[in-house]
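S.K.: Mind having a look at this structure? Questions to follow.
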Amino acid sequence: MTEPQEPRGATPTHLTSEELSECAFSPETAAAGLLEHAEGCAQCSAELADLRSLLTELAALPEPELPESVGIRLDAAVARAWQEFDAEQEAAAESAAATGARRGRRPSWRRIAIPLGSLSLIALAVVGIGALAHQSTTSSSASSSGVSAGAPESYGAVTETSIGAWVHSLLSTASADAATNNGPHLAPHLDQPKCANANVPQRSGYTVLTTSQRIYQGQAATLVVYQDAKEPASATVYAVVYAGSCPNSASRILAQGSVSR
Amino acid sequence: MREAARDDAADLECLRRHLAGDREAFGELLARHRGRMWAVALRTAGNPEDAADALQDAALSAFKAAGNFRQDSAVGTWLYRITVNACLDRLRRQAARPTVHYPDPESSVWRQATEDPTDMAEQRELRLVLEQALAQLPVDQRAAVVLVDVQGLPVEEAAAVLGVPGGTVKSRCARGRAKLAASLRDLRNPGTDPDVSVQIDQSSTPEKKQKRGAR
């Protein structure tokens, strides 16, 4: 045990660990007299030297590489979170639809345009965030009552967030791509090569606007956005979600509906 | 600084798209930050298994809490905060159980996690010693040292991450550094064995261990 030597500087005792840290880490803000003491005191200057080299070593520790298995877990966790989100939306939409059936039609139904006579025989979920937002500030519960209660079970309920948002993000990405030649500077992360549009199921009276692949309701699925062949500028497009990442005319339809762009 | 602002604008755009229902946006945000989140999680948790669990917790918390993000900090700071909190939650839950494990420098997973192929052998040894000493710090001090001294965050940003005043961060760092420096001294001077391959400005006197605090 060494007794503290009487230092030559103004500070009568050795520096505390906090003062030493301050001298090593940010000497420019260290209180007056501390550095002077440290320079004149063998013990403090030795500790200061140790601290400085420690800081150098800590800053030089290499950034560990994210193990591949951890990256895969993260991607899977995010995909699962979206599935849970979809399931919640679906449950909310179903209960809203049930409420709507008891009360009869809500006025907001009439605001949703379905200019798709040839396709309307298929029971479909109508998605109309854009139209609703455009015409009035209808509450989200009102718009989710737009899910068709009579849809065949195999189609599943479509909510405006699950398919509408997909269509909107797809269309906005496509227009951003067209606007700037470079495209968005963040490359889509889980993008898969798009199928040739020629293989995509065709619909009479419509042309394929764009396609996109992702996990939908726990399986690989492809969204195909059709636009009216005669009125390509129409504000309403028709969206179909097919099972599989490369659908053909035999592919099962998971969901479909018209969407206001 | 300007680059940081641009990165933050891109991060905000990812969050906005995520909240609008864009399925790719959160993955993009995560891809931009998960390397740093992993570095913080690995060193704060102290072992790769807990770090992986904590990182997954953090990703899900951020996914769900994105709507609550207020722009009183950068998105990156917010993600650090969620990551550190996920680690601390895991460590607290583990503290209730008796098993505490320190990183085993011989464990292949730790070695793989921290390996730098360009390392010189002696540099590698020093770093393993340092990682091990870091993992044995009390968790509050460890989190502060990891953020400020390893990740290089300004004290004020680390304070925002940890949710404590800047002065608290400084004193936690100071106590942590003092312990790390002592551990390194002990490990470099293991009693009679003079064969210490690491040579860093050694002017200290090995016998002194105590100092008087100035009041």
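Following the order of the structure tokens, first chain is A, next is B, and so on, with residues numbered from 1 inside each chain and ligands from 1 in the order they appear.
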Using only C-alpha atoms, which chain A residues lie at most 8 Å away from chain B, written as a ChimeraX atom specification?

M.R.: /A:1-2,4,12-18,20-22,43,46-47,49-51,53-55,57-67,70,73-75,77-78,81-82,161-162,165-166,169,186,188-190

S.K.: Per DSSP on the backbone, what are the alpha helix (DSSP H) residues of stretch 22-115 of chain A, as a PyMOL selection string?

M.R.: chain A and resi 22-25+34-40+42-60+68-103

S.K.: Based on the selection just made, write C-alpha atoms of those residues as a PDB file, in the first residue's frame.

M.R.:
```pdb
ATOM      1  CA  GLU A  22     -12.343  13.139 -17.892  1.00  0.00           C
ATOM      2  CA  CYS A  23      -8.659  13.847 -18.508  1.00  0.00           C
ATOM      3  CA  ALA A  24      -8.288  10.824 -20.761  1.00  0.00           C
ATOM      4  CA  PHE A  25     -11.602  11.084 -22.597  1.00  0.00           C
ATOM      5  CA  LEU A  34      -6.395  18.198 -13.129  1.00  0.00           C
ATOM      6  CA  LEU A  35      -4.095  17.657 -16.090  1.00  0.00           C
ATOM      7  CA  GLU A  36      -1.369  19.653 -14.342  1.00  0.00           C
ATOM      8  CA  HIS A  37      -1.642  17.399 -11.341  1.00  0.00           C
ATOM      9  CA  ALA A  38      -1.625  14.268 -13.471  1.00  0.00           C
ATOM     10  CA  GLU A  39       1.555  15.356 -15.229  1.00  0.00           C
ATOM     11  CA  GLY A  40       3.371  15.974 -11.979  1.00  0.00           C
ATOM     12  CA  ALA A  42       3.749   9.405 -11.123  1.00  0.00           C
ATOM     13  CA  GLN A  43       0.731   7.418 -10.016  1.00  0.00           C
ATOM     14  CA  CYS A  44      -1.853   9.567 -11.750  1.00  0.00           C
ATOM     15  CA  SER A  45       0.120   9.907 -14.968  1.00  0.00           C
ATOM     16  CA  ALA A  46       0.554   6.121 -15.110  1.00  0.00           C
ATOM     17  CA  GLU A  47      -3.174   5.586 -14.631  1.00  0.00           C
ATOM     18  CA  LEU A  48      -3.907   8.226 -17.215  1.00  0.00           C
ATOM     19  CA  ALA A  49      -1.628   6.467 -19.696  1.00  0.00           C
ATOM     20  CA  ASP A  50      -3.438   3.174 -19.017  1.00  0.00           C
ATOM     21  CA  LEU A  51      -6.809   4.837 -19.535  1.00  0.00           C
ATOM     22  CA  ARG A  52      -5.722   6.433 -22.788  1.00  0.00           C
ATOM     23  CA  SER A  53      -4.518   3.146 -24.206  1.00  0.00           C
ATOM     24  CA  LEU A  54      -7.704   1.470 -22.962  1.00  0.00           C
ATOM     25  CA  LEU A  55      -9.814   4.015 -24.848  1.00  0.00           C
ATOM     26  CA  THR A  56      -7.753   3.428 -27.973  1.00  0.00           C
ATOM     27  CA  GLU A  57      -8.258  -0.325 -27.689  1.00  0.00           C
ATOM     28  CA  LEU A  58     -12.000  -0.046 -27.030  1.00  0.00           C
ATOM     29  CA  ALA A  59     -12.490   2.223 -30.032  1.00  0.00           C
ATOM     30  CA  ALA A  60     -10.470  -0.197 -32.179  1.00  0.00           C
ATOM     31  CA  GLU A  68     -26.071 -15.288 -41.034  1.00  0.00           C
ATOM     32  CA  SER A  69     -28.346 -17.313 -38.760  1.00  0.00           C
ATOM     33  CA  VAL A  70     -29.227 -14.185 -36.772  1.00  0.00           C
ATOM     34  CA  GLY A  71     -30.014 -12.279 -39.965  1.00  0.00           C
ATOM     35  CA  ILE A  72     -32.335 -15.075 -41.072  1.00  0.00           C
ATOM     36  CA  ARG A  73     -34.051 -15.029 -37.679  1.00  0.00           C
ATOM     37  CA  LEU A  74     -34.600 -11.297 -37.962  1.00  0.00           C
ATOM     38  CA  ASP A  75     -36.104 -11.556 -41.435  1.00  0.00           C
ATOM     39  CA  ALA A  76     -38.378 -14.379 -40.283  1.00  0.00           C
ATOM     40  CA  ALA A  77     -39.461 -12.394 -37.221  1.00  0.00           C
ATOM     41  CA  VAL A  78     -40.429  -9.426 -39.386  1.00  0.00           C
ATOM     42  CA  ALA A  79     -42.336 -11.663 -41.818  1.00  0.00           C
ATOM     43  CA  ARG A  80     -44.165 -13.201 -38.851  1.00  0.00           C
ATOM     44  CA  ALA A  81     -44.977  -9.772 -37.455  1.00  0.00           C
ATOM     45  CA  TRP A  82     -46.648  -8.858 -40.733  1.00  0.00           C
ATOM     46  CA  GLN A  83     -48.642 -12.099 -40.693  1.00  0.00           C
ATOM     47  CA  GLU A  84     -49.858 -11.333 -37.195  1.00  0.00           C
ATOM     48  CA  PHE A  85     -50.731  -7.845 -38.315  1.00  0.00           C
ATOM     49  CA  ASP A  86     -52.719  -9.248 -41.249  1.00  0.00           C
ATOM     50  CA  ALA A  87     -54.513 -11.715 -38.988  1.00  0.00           C
ATOM     51  CA  GLU A  88     -55.501  -8.898 -36.630  1.00  0.00           C
ATOM     52  CA  GLN A  89     -56.715  -6.777 -39.511  1.00  0.00           C
ATOM     53  CA  GLU A  90     -58.677  -9.703 -40.875  1.00  0.00           C
ATOM     54  CA  ALA A  91     -60.322 -10.368 -37.527  1.00  0.00           C
ATOM     55  CA  ALA A  92     -61.165  -6.690 -37.158  1.00  0.00           C
ATOM     56  CA  ALA A  93     -62.556  -6.589 -40.682  1.00  0.00           C
ATOM     57  CA  GLU A  94     -64.662  -9.690 -40.098  1.00  0.00           C
ATOM     58  CA  SER A  95     -66.159  -8.327 -36.918  1.00  0.00           C
ATOM     59  CA  ALA A  96     -66.790  -5.008 -38.647  1.00  0.00           C
ATOM     60  CA  ALA A  97     -68.465  -6.850 -41.523  1.00  0.00           C
ATOM     61  CA  ALA A  98     -70.619  -8.822 -39.085  1.00  0.00           C
ATOM     62  CA  THR A  99     -71.625  -5.576 -37.387  1.00  0.00           C
ATOM     63  CA  GLY A 100     -72.417  -4.081 -40.765  1.00  0.00           C
ATOM     64  CA  ALA A 101     -74.641  -7.061 -41.677  1.00  0.00           C
ATOM     65  CA  ARG A 102     -76.670  -6.639 -38.495  1.00  0.00           C
ATOM     66  CA  ARG A 103     -77.143  -2.943 -38.981  1.00  0.00           C
TER      67      ARG A 103
END
```

S.K.: So what do you get for atom CA of A:Thr222 versus atom CA of A:Ser234, distance-wise?

M.R.: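 Value for the atom CA of A:Thr222-atom CA of A:Ser234 distance: 22.5 Å.
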
S.K.: Using only C-alpha atoms, which protein or nucleic acid residues come within 12 Å of A:Gln219? Drop anything in the same chain fewer than 5 positions from it, and give the result as number ranges by chain.

M.R.: A: 79-80, 83, 213-214, 241-245, 252, 254

S.K.: Could you work out how far atom CA of B:Ala159 lies from atom CA of A:Ser26, giving the answer in Å with one decimal?

M.R.: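 According to the coordinates, atom CA of A:Ser26 and atom CA of B:Ala159 are separated by 16.4 Å.
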
S.K.: Fewer than 4 positions away in the same chain doesn't count, so skip those; otherwise give me all residues within 8 Å of A:Ser212, counting only C-alpha atoms, as a list in words.

M.R.: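 So, after excluding close chain neighbours, the residues are Leu170, Lys194, Thr222, Leu223 and Val224 of chain A.
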
S.K.: Atoms to include: C-alpha atoms. Write the selected residues as a PDB file, in the first residue's frame.

M.R.:
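Saved to selection.pdb:
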```
ATOM      1  CA  LEU A 170     -46.062  -0.940 -55.527  1.00  0.00           C
ATOM      2  CA  LYS A 194     -40.200 -10.549 -61.368  1.00  0.00           C
ATOM      3  CA  THR A 222     -47.960 -12.597 -56.350  1.00  0.00           C
ATOM      4  CA  LEU A 223     -49.921  -9.411 -56.648  1.00  0.00           C
ATOM      5  CA  VAL A 224     -50.960  -8.561 -60.175  1.00  0.00           C
TER       6      VAL A 224
END
```

S.K.: For a test of reading the model, state the distance in Å between atom CA of A:Gly218 and atom CA of A:Ser251, rounded to one decimal.

M.R.: 16.2 Å

S.K.: Using only C-alpha atoms, can you tell me which of B:Val129, B:Asp11, B:Val139, B:Leu162 comes closest to B:Tyr80?

M.R.: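 Counting only C-alpha atoms, the residue closest to B:Tyr80 is B:Leu162.
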